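Q: Here you go, upload_25.txt (compact mmCIF, C-alpha atoms):
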```txt
# COMPACT_ATOMS: atom_id res chain seq x y z
CA MET A 1 30.05 21.19 -17.47
CA GLN A 2 29.98 24.76 -16.22
CA TYR A 3 30.59 25.65 -12.56
CA ARG A 4 29.27 28.58 -10.59
CA THR A 5 29.70 29.95 -7.08
CA LEU A 6 26.80 29.02 -4.79
CA GLY A 7 25.68 32.43 -3.60
CA ARG A 8 28.35 33.95 -1.41
CA THR A 9 29.56 30.65 0.07
CA GLY A 10 32.60 30.33 -2.17
CA VAL A 11 31.58 26.75 -3.02
CA GLN A 12 31.72 25.85 -6.71
CA VAL A 13 28.80 23.77 -7.95
CA SER A 14 27.89 22.39 -11.36
CA SER A 15 25.33 24.28 -13.44
CA LEU A 16 23.31 21.05 -13.64
CA ALA A 17 22.60 19.28 -10.36
CA LEU A 18 21.20 15.79 -9.86
CA GLY A 19 17.79 15.79 -8.23
CA ALA A 20 16.92 12.46 -6.60
CA MET A 21 13.14 12.78 -6.25
CA ASN A 22 12.68 9.91 -8.71
CA PHE A 23 14.83 7.54 -6.67
CA GLY A 24 12.55 4.94 -5.12
CA ARG A 25 8.86 4.33 -5.54
CA ILE A 26 8.01 7.78 -6.97
CA GLY A 27 10.06 7.07 -10.08
CA ARG A 28 9.96 3.28 -9.74
CA THR A 29 13.77 3.33 -9.59
CA THR A 30 15.79 0.47 -8.08
CA GLN A 31 19.01 0.88 -6.12
CA ASP A 32 21.10 -0.38 -9.03
CA GLU A 33 19.43 2.11 -11.36
CA ALA A 34 19.90 4.97 -8.90
CA THR A 35 23.56 4.10 -8.43
CA ALA A 36 24.09 3.99 -12.20
CA LEU A 37 22.54 7.45 -12.52
CA VAL A 38 24.77 8.83 -9.78
CA ASP A 39 27.85 7.22 -11.37
CA ALA A 40 27.07 8.74 -14.77
CA ALA A 41 26.24 12.16 -13.31
CA LEU A 42 29.50 12.34 -11.37
CA GLU A 43 31.45 11.16 -14.40
CA ALA A 44 29.90 14.01 -16.40
CA GLY A 45 31.04 16.57 -13.83
CA ILE A 46 27.92 17.04 -11.70
CA ASN A 47 28.99 17.63 -8.11
CA LEU A 48 25.71 18.54 -6.39
CA ILE A 49 23.09 15.93 -5.46
CA ASP A 50 19.78 17.07 -4.00
CA THR A 51 17.24 14.91 -2.20
CA ALA A 52 14.69 15.27 0.64
CA ASP A 53 13.33 13.25 3.53
CA ARG A 54 9.88 13.44 1.95
CA TYR A 55 10.86 11.73 -1.30
CA SER A 56 9.38 8.23 -1.21
CA GLY A 57 9.21 8.44 2.58
CA GLY A 58 12.99 8.51 3.00
CA GLU A 59 13.77 5.88 0.36
CA SER A 60 15.44 8.44 -1.90
CA GLU A 61 17.87 9.44 0.86
CA GLU A 62 18.71 5.80 1.52
CA MET A 63 19.43 5.19 -2.17
CA VAL A 64 21.56 8.33 -2.47
CA GLY A 65 23.53 7.31 0.62
CA LYS A 66 24.34 3.89 -0.83
CA ALA A 67 25.17 5.36 -4.23
CA ILE A 68 27.71 7.86 -2.89
CA ALA A 69 29.35 5.57 -0.35
CA GLY A 70 33.12 5.94 -0.50
CA ARG A 71 33.13 9.25 -2.38
CA ARG A 72 31.23 11.55 -0.04
CA GLU A 73 33.89 14.26 0.11
CA ASP A 74 33.69 14.96 -3.63
CA ILE A 75 29.97 15.71 -3.51
CA MET A 76 27.95 18.72 -2.42
CA LEU A 77 25.14 16.83 -0.68
CA ALA A 78 21.81 18.58 -0.13
CA THR A 79 18.61 17.42 1.49
CA LYS A 80 15.42 19.00 2.81
CA ALA A 81 12.95 18.81 5.70
CA SER A 82 9.65 20.28 6.96
CA MET A 83 7.12 18.39 4.82
CA PRO A 84 4.91 15.88 6.72
CA MET A 85 6.65 12.55 7.34
CA SER A 86 3.80 10.77 9.11
CA GLU A 87 0.30 11.37 10.42
CA GLU A 88 1.78 12.61 13.71
CA ARG A 89 1.10 16.34 13.73
CA ASN A 90 4.56 17.31 14.97
CA HIS A 91 6.47 15.24 12.42
CA GLN A 92 6.63 18.24 10.10
CA GLY A 93 7.31 21.96 10.04
CA GLY A 94 10.14 24.23 11.04
CA SER A 95 10.22 23.83 14.82
CA ARG A 96 13.45 23.07 16.65
CA ARG A 97 11.81 19.92 18.03
CA TRP A 98 11.19 18.51 14.56
CA LEU A 99 14.23 19.78 12.66
CA VAL A 100 16.70 18.22 15.12
CA THR A 101 14.91 14.88 14.80
CA ALA A 102 14.44 15.16 11.04
CA LEU A 103 18.12 15.85 10.46
CA GLU A 104 19.20 12.89 12.57
CA ASN A 105 16.85 10.69 10.55
CA SER A 106 18.26 12.05 7.28
CA LEU A 107 21.86 11.55 8.37
CA ARG A 108 21.07 7.96 9.31
CA ARG A 109 19.37 7.22 5.99
CA LEU A 110 22.16 8.90 4.02
CA GLY A 111 24.86 7.16 6.05
CA VAL A 112 26.82 10.39 6.62
CA ASP A 113 27.76 12.56 9.58
CA HIS A 114 26.82 15.87 7.94
CA VAL A 115 25.07 17.36 4.92
CA ASP A 116 26.43 20.31 2.99
CA LEU A 117 23.11 22.05 2.43
CA TYR A 118 20.02 21.58 4.60
CA GLN A 119 16.89 23.20 3.19
CA ILE A 120 13.49 24.02 4.62
CA HIS A 121 11.28 22.34 2.04
CA ARG A 122 8.34 24.72 2.44
CA TRP A 123 7.74 27.79 4.57
CA ASP A 124 5.92 26.85 7.78
CA PRO A 125 3.49 29.69 8.64
CA ARG A 126 2.98 28.27 12.15
CA THR A 127 6.63 28.68 13.15
CA GLY A 128 8.50 31.92 13.68
CA ASP A 129 11.69 32.64 11.76
CA GLU A 130 13.73 32.93 14.96
CA GLU A 131 12.70 29.42 16.04
CA THR A 132 13.74 27.85 12.74
CA LEU A 133 16.88 29.89 12.21
CA SER A 134 18.15 29.34 15.75
CA ALA A 135 17.72 25.56 15.38
CA LEU A 136 19.51 25.59 12.02
CA THR A 137 22.30 27.79 13.38
CA ASP A 138 22.88 25.39 16.29
CA LEU A 139 22.94 22.39 13.92
CA GLN A 140 25.46 24.26 11.79
CA ARG A 141 27.66 25.04 14.80
CA ALA A 142 27.47 21.37 15.80
CA GLY A 143 28.96 20.47 12.41
CA LYS A 144 25.93 18.51 11.22
CA ILE A 145 25.17 20.91 8.39
CA ARG A 146 27.52 23.23 6.53
CA TYR A 147 24.96 25.66 5.12
CA PHE A 148 21.20 25.98 5.11
CA GLY A 149 18.64 27.32 2.68
CA SER A 150 14.98 27.65 1.85
CA SER A 151 12.84 26.06 -0.84
CA THR A 152 9.83 27.55 -2.61
CA PHE A 153 9.53 30.49 -0.21
CA PRO A 154 7.49 33.52 -1.29
CA ALA A 155 9.72 36.52 -1.89
CA TYR A 156 8.48 38.40 1.16
CA ARG A 157 9.32 35.41 3.38
CA ILE A 158 12.85 35.29 1.97
CA VAL A 159 13.26 38.96 2.92
CA GLN A 160 11.72 38.46 6.37
CA ALA A 161 14.05 35.54 7.11
CA GLN A 162 17.09 37.61 6.13
CA TRP A 163 16.03 40.39 8.49
CA ALA A 164 15.25 37.92 11.30
CA ALA A 165 18.73 36.42 10.99
CA ARG A 166 20.26 39.88 11.25
CA GLU A 167 18.04 40.98 14.14
CA HIS A 168 18.70 37.87 16.25
CA HIS A 169 22.38 37.45 15.26
CA LEU A 170 21.78 34.06 13.65
CA SER A 171 23.15 32.40 10.51
CA ARG A 172 21.05 33.05 7.44
CA TYR A 173 19.66 31.15 4.52
CA VAL A 174 22.28 31.15 1.76
CA THR A 175 20.20 29.47 -0.96
CA GLU A 176 16.66 29.32 -2.30
CA GLN A 177 15.21 26.46 -4.35
CA PRO A 178 12.24 27.67 -6.44
CA GLY A 179 10.35 26.14 -9.34
CA TYR A 180 11.33 27.72 -12.66
CA SER A 181 10.91 26.91 -16.33
CA VAL A 182 10.01 28.49 -19.65
CA LEU A 183 6.36 27.76 -18.81
CA GLN A 184 6.52 28.95 -15.18
CA ARG A 185 8.36 32.28 -15.07
CA GLY A 186 6.65 33.89 -12.08
CA ILE A 187 9.77 33.93 -9.92
CA GLU A 188 11.28 36.48 -12.30
CA THR A 189 8.85 39.04 -10.90
CA HIS A 190 9.66 38.86 -7.19
CA VAL A 191 11.80 35.92 -6.06
CA LEU A 192 14.85 36.27 -8.32
CA PRO A 193 15.24 40.03 -7.71
CA VAL A 194 15.22 39.30 -3.96
CA THR A 195 17.70 36.41 -4.15
CA GLN A 196 20.01 38.54 -6.26
CA GLU A 197 19.72 41.43 -3.78
CA TYR A 198 20.72 39.18 -0.87
CA GLY A 199 23.31 37.16 -2.75
CA LEU A 200 21.55 33.79 -2.43
CA GLY A 201 22.45 30.80 -4.55
CA VAL A 202 19.46 29.57 -6.54
CA LEU A 203 18.85 25.90 -7.37
CA VAL A 204 15.80 25.68 -9.60
CA TRP A 205 13.56 22.63 -9.69
CA SER A 206 11.32 21.39 -12.52
CA PRO A 207 13.18 23.21 -15.32
CA LEU A 208 11.55 20.73 -17.73
CA ALA A 209 8.08 21.56 -16.35
CA SER A 210 7.26 18.03 -15.19
CA GLY A 211 7.94 16.66 -18.66
CA TRP A 212 6.17 19.30 -20.74
CA LEU A 213 9.52 20.52 -22.11
CA THR A 214 11.23 17.19 -22.80
CA GLY A 215 9.91 16.85 -26.34
CA ALA A 216 7.66 13.96 -25.31
CA VAL A 217 4.56 16.17 -25.08
CA ARG A 218 3.46 17.33 -28.52
CA GLU A 219 0.25 18.01 -30.40
CA GLY A 220 -1.43 14.84 -31.66
CA ARG A 221 0.58 12.47 -29.47
CA ASP A 222 -0.64 10.42 -26.54
CA ILE A 223 0.93 11.72 -23.32
CA THR A 224 2.59 8.80 -21.58
CA THR A 225 5.13 10.47 -19.30
CA ASN A 226 5.71 9.17 -15.79
CA ARG A 227 4.20 12.30 -14.25
CA SER A 228 1.06 12.08 -16.37
CA ALA A 229 0.34 8.68 -14.84
CA PHE A 230 -0.10 10.06 -11.31
CA MET A 231 -0.91 13.70 -12.13
CA PRO A 232 -3.37 13.26 -15.03
CA GLU A 233 -5.08 16.60 -14.42
CA ARG A 234 -1.82 18.41 -15.21
CA PHE A 235 -1.76 16.87 -18.68
CA ASP A 236 -5.45 16.88 -19.62
CA THR A 237 -5.33 18.94 -22.79
CA SER A 238 -9.09 19.52 -22.70
CA LEU A 239 -8.44 21.97 -19.85
CA PRO A 240 -7.74 25.55 -20.96
CA VAL A 241 -4.58 25.88 -18.84
CA ASN A 242 -3.07 22.77 -20.40
CA ARG A 243 -4.20 23.80 -23.85
CA ALA A 244 -2.27 27.04 -23.38
CA ARG A 245 0.81 25.07 -22.31
CA LEU A 246 0.58 22.76 -25.31
CA ASP A 247 0.23 25.72 -27.67
CA ALA A 248 3.35 27.28 -26.13
CA VAL A 249 5.25 23.99 -26.39
CA GLU A 250 4.45 23.73 -30.10
CA ARG A 251 5.78 27.24 -30.70
CA LEU A 252 8.85 26.57 -28.55
CA ALA A 253 9.55 23.41 -30.54
CA GLY A 254 9.77 25.55 -33.65
CA VAL A 255 12.29 27.85 -31.95
CA ALA A 256 14.36 24.85 -30.87
CA ASP A 257 14.32 23.33 -34.37
CA GLN A 258 15.40 26.58 -35.97
CA ALA A 259 18.26 26.93 -33.46
CA GLY A 260 19.38 23.32 -33.98
CA LEU A 261 18.57 22.39 -30.36
CA THR A 262 16.52 19.74 -28.63
CA MET A 263 13.63 20.88 -26.46
CA ILE A 264 15.63 19.81 -23.42
CA GLN A 265 18.59 21.94 -24.47
CA LEU A 266 16.28 24.90 -25.05
CA ALA A 267 14.58 24.48 -21.67
CA LEU A 268 17.73 23.97 -19.60
CA GLY A 269 19.63 26.61 -21.54
CA PHE A 270 16.84 29.07 -20.77
CA VAL A 271 16.96 28.69 -16.98
CA ALA A 272 20.77 28.64 -16.98
CA ALA A 273 20.82 31.96 -18.85
CA HIS A 274 19.28 33.94 -15.99
CA PRO A 275 22.05 35.61 -13.97
CA GLY A 276 20.20 34.86 -10.74
CA VAL A 277 20.22 31.08 -11.29
CA THR A 278 23.12 28.97 -10.01
CA SER A 279 22.09 25.42 -10.96
CA ALA A 280 19.19 23.61 -12.57
CA LEU A 281 18.06 20.41 -10.88
CA ILE A 282 17.49 17.56 -13.31
CA GLY A 283 15.60 14.46 -12.18
CA PRO A 284 16.22 11.63 -14.65
CA ARG A 285 14.62 8.22 -14.14
CA THR A 286 16.69 6.37 -16.75
CA PRO A 287 20.20 6.60 -18.26
CA ASP A 288 18.66 7.79 -21.53
CA HIS A 289 16.93 10.64 -19.69
CA LEU A 290 20.22 11.60 -18.07
CA THR A 291 22.12 11.50 -21.36
CA ALA A 292 19.57 13.78 -23.02
CA GLN A 293 19.72 16.24 -20.15
CA LEU A 294 23.52 16.24 -19.88
CA ALA A 295 23.62 17.27 -23.54
CA ALA A 296 22.43 20.69 -22.32
CA ALA A 297 25.33 21.16 -19.88
CA ASP A 298 27.17 23.60 -22.14
CA THR A 299 24.18 25.03 -24.00
CA VAL A 300 24.27 28.81 -24.29
CA LEU A 301 21.22 30.41 -25.89
CA THR A 302 21.75 33.39 -28.16
CA ALA A 303 19.92 36.66 -27.65
CA ASP A 304 17.60 36.03 -30.59
CA VAL A 305 16.55 32.65 -29.18
CA LEU A 306 15.88 34.19 -25.76
CA ASP A 307 13.88 36.96 -27.44
CA ALA A 308 11.82 34.34 -29.28
CA ILE A 309 11.08 32.57 -26.00
CA ASP A 310 10.01 35.88 -24.43
CA ALA A 311 7.58 36.39 -27.31
CA ILE A 312 5.94 33.03 -26.58
CA VAL A 313 5.85 33.17 -22.76
CA ALA A 314 6.20 36.69 -21.43
CA PRO A 315 8.75 37.34 -18.64
CA GLY A 316 7.26 36.86 -15.19
CA THR A 317 4.33 34.79 -16.49
CA ASP A 318 3.14 31.48 -15.02
CA LEU A 319 1.08 29.54 -17.55
CA ALA A 320 -0.19 27.29 -14.75
CA PRO A 321 -0.51 29.60 -11.71
CA GLN A 322 -2.60 27.03 -9.83
CA GLU A 323 0.47 24.78 -9.62
CA LYS A 324 2.62 27.31 -7.78
CA HIS A 325 3.79 26.29 -4.32
CA ASP A 326 4.75 29.72 -2.98
CA THR A 327 1.32 31.34 -3.12
CA PRO A 328 0.57 33.30 0.08
CA PRO A 329 -1.86 31.26 2.24
CA ALA A 330 -4.47 34.03 2.26
CA LEU A 331 -4.94 33.66 -1.50
CA LEU A 332 -5.87 30.00 -1.03
CA ASP A 333 -7.92 30.16 2.19
CA PRO A 334 -10.77 32.72 2.17
CA SER A 335 -10.97 32.75 5.98
CA LEU A 336 -7.49 34.31 6.13
CA ARG A 337 -8.57 37.38 4.19
CA ARG A 338 -11.85 38.05 6.02
CA ARG A 339 -12.40 39.46 9.51
```
Once more with this new file: its structure as C-alpha cells, please.

A:
Amino acid sequence: MQYRTLGRTGVQVSSLALGAMNFGRIGRTTQDEATALVDAALEAGINLIDTADRYSGGESEEMVGKAIAGRREDIMLATKASMPMSEERNHQGGSRRWLVTALENSLRRLGVDHVDLYQIHRWDPRTGDEETLSALTDLQRAGKIRYFGSSTFPAYRIVQAQWAAREHHLSRYVTEQPGYSVLQRGIETHVLPVTQEYGLGVLVWSPLASGWLTGAVREGRDITTNRSAFMPERFDTSLPVNRARLDAVERLAGVADQAGLTMIQLALGFVAAHPGVTSALIGPRTPDHLTAQLAAADTVLTADVLDAIDAIVAPGTDLAPQEKHDTPPALLDPSLRRR
C-alpha cells in the first residue's frame, strides 16, 4: 500500500480508501459482511474509511461504526452530509441548523465522539458559503470534526469557498471528493487544477465507473452487475452514450492485456497516477471484489500505457456527461438562464 499526505493537513492516508456506500441495503450487505470487508481492508493497509449519512438512510454509518469498534484511533474516518435525509424540507443542505443536527446523528450512528473528515456531499446553491463554513468551523473548534471538505463541487464553487473562508476568517475546505475514472475525465479540465492550486487533498469516487471498468462489462456478455440492476439506463448498450463507453472499454481491455494488468489494475492505476489525486475510493460488496481491487494498490502505469489510455479517452473528456453531478444548475434548468 502506498501512503500520501492529505492535502496540507500532514495526515498520511492510503492511496486506496474504503468507500462504504455498499454497506446496507444499497449493496445488500449484512453487518458480518461489512465487518469482514473492513477487517480485510485494514489488514491490507487501508487507513481511510468513507461513508455518508445518505447511504442506505444511515445504515452504512451504523455498520461502519460497529465494524471499527475498538480500533477507532487507527482509522481516518470520513462521512458526509447535505443530501436529503427525509421529506422534511430542512433535513438537507448546508445550513447551520441542519449541519449541527446531521453531525450529531452521524456521530450517534457511528458510535464515536468525532469524525476526522466531514464533507459537504453536494454544493447547496440556497446556502451562502459563510453560513456553511462558519457552522463547520464551530464544529471543528468544538472537537467534533478534525477537518472538513467538499464533495462534487464545481471548480468555481471550490474557488469561491476558499475566498469566503479567507474573507470571513474561517477554516477552509481541505479536501474535495469528485468523480473520476478513465471514462469520466472532465475534472482534469477545471477541478484538479483548482485543487492543486489550493493544496486540497482529493479523494476520487467511482474510479471503476460504476462497474464499467471491472472487467465484468464486455462486448457480447450479459451485463449483470449490481449497479445495472437499479440503474439499467446506464448500461443499456443500445444508447449511443453507452455504446461509446463499451467501445472504449474494449480498447482499454486490449491495453490492459498487453501490459499484463487486469482492468481493475489499469483503472485504479490510472487515477492514482494523476499528481492531484490523493486516494481512490473503492466500494467492494464482497471479499472477492476487495481482493481484486487491493491487487491494484501498488500498480504504477508506465508512460506508454498512460499514452495509450489518452489515445482512447482524451484528457478532460467525459464519455457520459449527463451523469456528472457538478454541472452548474443553469445548464440543467432553463429558467435559470433566461430573464

Q: Which neighbours of segment 99-107 of chain A fall inside 10 Å, counting all atoms listed in the file, when residues of the same chain fewer than 6 positions from it are skipped, and could you give them as a list in words?

A: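 Skipping anything fewer than 6 positions along the chain leaves Thr51, Ala52, Asp53, Gly58, Glu61, Glu62, Gly65, Thr79, Lys80, Ala81, Ser82, Met85, His91, Gln92, Gly93, Asp113, His114, Val115, Tyr118, Ile120, Thr132, Ala135, Leu136, Asp138, Leu139, Lys144 and Ile145 of chain A.
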
Q: Write out as a PyMOL selection string which residues come within 10 Å of Leu294 of chain A when counting only C-alpha atoms, dropping same-chain ones fewer than 2 positions away.

A: chain A and resi 1+16+40-41+44-46+264-265+268+282+288-292+296-299

Q: Sorted by chain and rising residue number, which residues of segment 222-295 of chain A lie within 7 Å of segment 197-213 of chain A, and what are their closest atom pairs and distances in Å to one decimal, counting only C-alpha atoms, as JSON lines?

A:
```
{"residue": "A:Thr225", "atom": "CA", "partner": "A:Gly211", "partner_atom": "CA", "distance": 6.8}
{"residue": "A:Arg227", "atom": "CA", "partner": "A:Ser210", "partner_atom": "CA", "distance": 6.6}
{"residue": "A:Val249", "atom": "CA", "partner": "A:Leu213", "partner_atom": "CA", "distance": 7.0}
{"residue": "A:Met263", "atom": "CA", "partner": "A:Leu213", "partner_atom": "CA", "distance": 6.0}
{"residue": "A:Ile264", "atom": "CA", "partner": "A:Leu213", "partner_atom": "CA", "distance": 6.3}
{"residue": "A:Ala267", "atom": "CA", "partner": "A:Leu208", "partner_atom": "CA", "distance": 6.2}
{"residue": "A:Leu268", "atom": "CA", "partner": "A:Pro207", "partner_atom": "CA", "distance": 6.3}
{"residue": "A:Val271", "atom": "CA", "partner": "A:Pro207", "partner_atom": "CA", "distance": 6.9}
{"residue": "A:Gly276", "atom": "CA", "partner": "A:Val202", "partner_atom": "CA", "distance": 6.8}
{"residue": "A:Val277", "atom": "CA", "partner": "A:Val202", "partner_atom": "CA", "distance": 5.0}
{"residue": "A:Thr278", "atom": "CA", "partner": "A:Val202", "partner_atom": "CA", "distance": 5.1}
{"residue": "A:Ser279", "atom": "CA", "partner": "A:Leu203", "partner_atom": "CA", "distance": 4.9}
{"residue": "A:Ala280", "atom": "CA", "partner": "A:Val204", "partner_atom": "CA", "distance": 5.0}
{"residue": "A:Leu281", "atom": "CA", "partner": "A:Trp205", "partner_atom": "CA", "distance": 5.2}
```

Q: Grab the atom CA of Ala164 of chain A to atom CA of Gln12 of chain A distance for me, in Å with one decimal place.

A: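 Distance between the two atoms: 27.2 Å.
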
Q: So which residues touch Val38 of chain A within 7 Å, counting all atoms listed in the file, skipping near sequence neighbours fewer than 4 positions away, as number ranges by chain?

A: A: 34, 42, 67

Q: Kindly indicate which residue among A:Val159, A:Met21, A:Met83, A:Ala330 lies nearest to Trp98 of chain A, using all atoms listed in the file for the distances.

A: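 Residue with the minimum atom-to-atom distance to Trp98 of chain A: A:Met83.
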
Q: Out of A:Phe153, A:Tyr147, A:Tyr173, A:Tyr3, which residue has the shortest atom-to-atom distance to Leu133 of chain A when counting all atoms listed in the file?

A: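 Among the listed residues, the smallest separation from Leu133 of chain A belongs to A:Tyr173.
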
Q: Between atom CA of Leu306 of chain A and atom CA of Ala273 of chain A, what is the spacing in Å?

A: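 One can read the atom CA of Ala273 of chain A to atom CA of Leu306 of chain A distance as 8.8 Å.
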
Q: Please compute the atom CA of Glu167 of chain A-atom CA of His121 of chain A distance, one decimal, in Å.

A: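 Answer for the atom CA of Glu167 of chain A to atom CA of His121 of chain A separation: 23.2 Å.
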
Q: Ranking A:Val191, A:Ala155, A:Leu183, A:Ile75 by minimum distance to Asp50 of chain A and counting only C-alpha atoms, which one comes first?

A: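 Ranking A:Val191, A:Ala155, A:Leu183, A:Ile75 by distance to Asp50 of chain A, first place goes to A:Ile75.
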
Q: Got a sec: who's within 12 Å of Arg245 of chain A, counting all atoms listed in the file, leaving out chain neighbours fewer than 5 positions off, as a PyMOL selection string?

A: chain A and resi 181-184+209-213+217-219+234-240+250-252+312-313+317-321

Q: Pick out the closest residue to Arg71 of chain A from this set: A:Gln196, A:Gln140, A:Asn47, A:Ser86. Count only C-alpha atoms.

A: A:Asn47

Q: Pick from A:Glu323, A:Glu33, A:Glu73, A:Glu87: nearest to Met231 of chain A, with all atoms listed in the file counted?

A: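 Smallest distance to Met231 of chain A is found for A:Glu323.
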
Q: Edge lengths and centre, in Å to one decimal, as lines of an AutoDock Vina configuration file: that's what I need for the box along x, y and z that holds all listed atoms of segment 254-263 of chain A plus 3 Å on each side.

A:
```
center_x = 14.6
center_y = 23.8
center_z = -31.2
size_x = 15.6
size_y = 14.1
size_z = 15.5
```

Q: Compare A:Asp304, A:Asp333, A:Glu130, A:Asp310 by their minimum atom-to-atom distance to Gln160 of chain A, counting all atoms listed in the file, and give me the closest one.

A: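 Ranking A:Asp304, A:Asp333, A:Glu130, A:Asp310 by distance to Gln160 of chain A, first place goes to A:Glu130.
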
Q: Residues near Pro154 of chain A, anyone? I mean within 9 Å using all atoms listed in the file, not counting same-chain ones fewer than 3 positions away, as a PDB file with C-alpha atoms, in the coordinates of the input.

A:
```
ATOM      1  CA  TRP A 123       7.740  27.790   4.570  1.00  0.00           C
ATOM      2  CA  ARG A 157       9.320  35.410   3.380  1.00  0.00           C
ATOM      3  CA  ILE A 158      12.850  35.290   1.970  1.00  0.00           C
ATOM      4  CA  VAL A 159      13.260  38.960   2.920  1.00  0.00           C
ATOM      5  CA  ILE A 187       9.770  33.930  -9.920  1.00  0.00           C
ATOM      6  CA  HIS A 190       9.660  38.860  -7.190  1.00  0.00           C
ATOM      7  CA  VAL A 191      11.800  35.920  -6.060  1.00  0.00           C
ATOM      8  CA  HIS A 325       3.790  26.290  -4.320  1.00  0.00           C
ATOM      9  CA  ASP A 326       4.750  29.720  -2.980  1.00  0.00           C
ATOM     10  CA  THR A 327       1.320  31.340  -3.120  1.00  0.00           C
ATOM     11  CA  PRO A 328       0.570  33.300   0.080  1.00  0.00           C
TER      12      PRO A 328
END
```
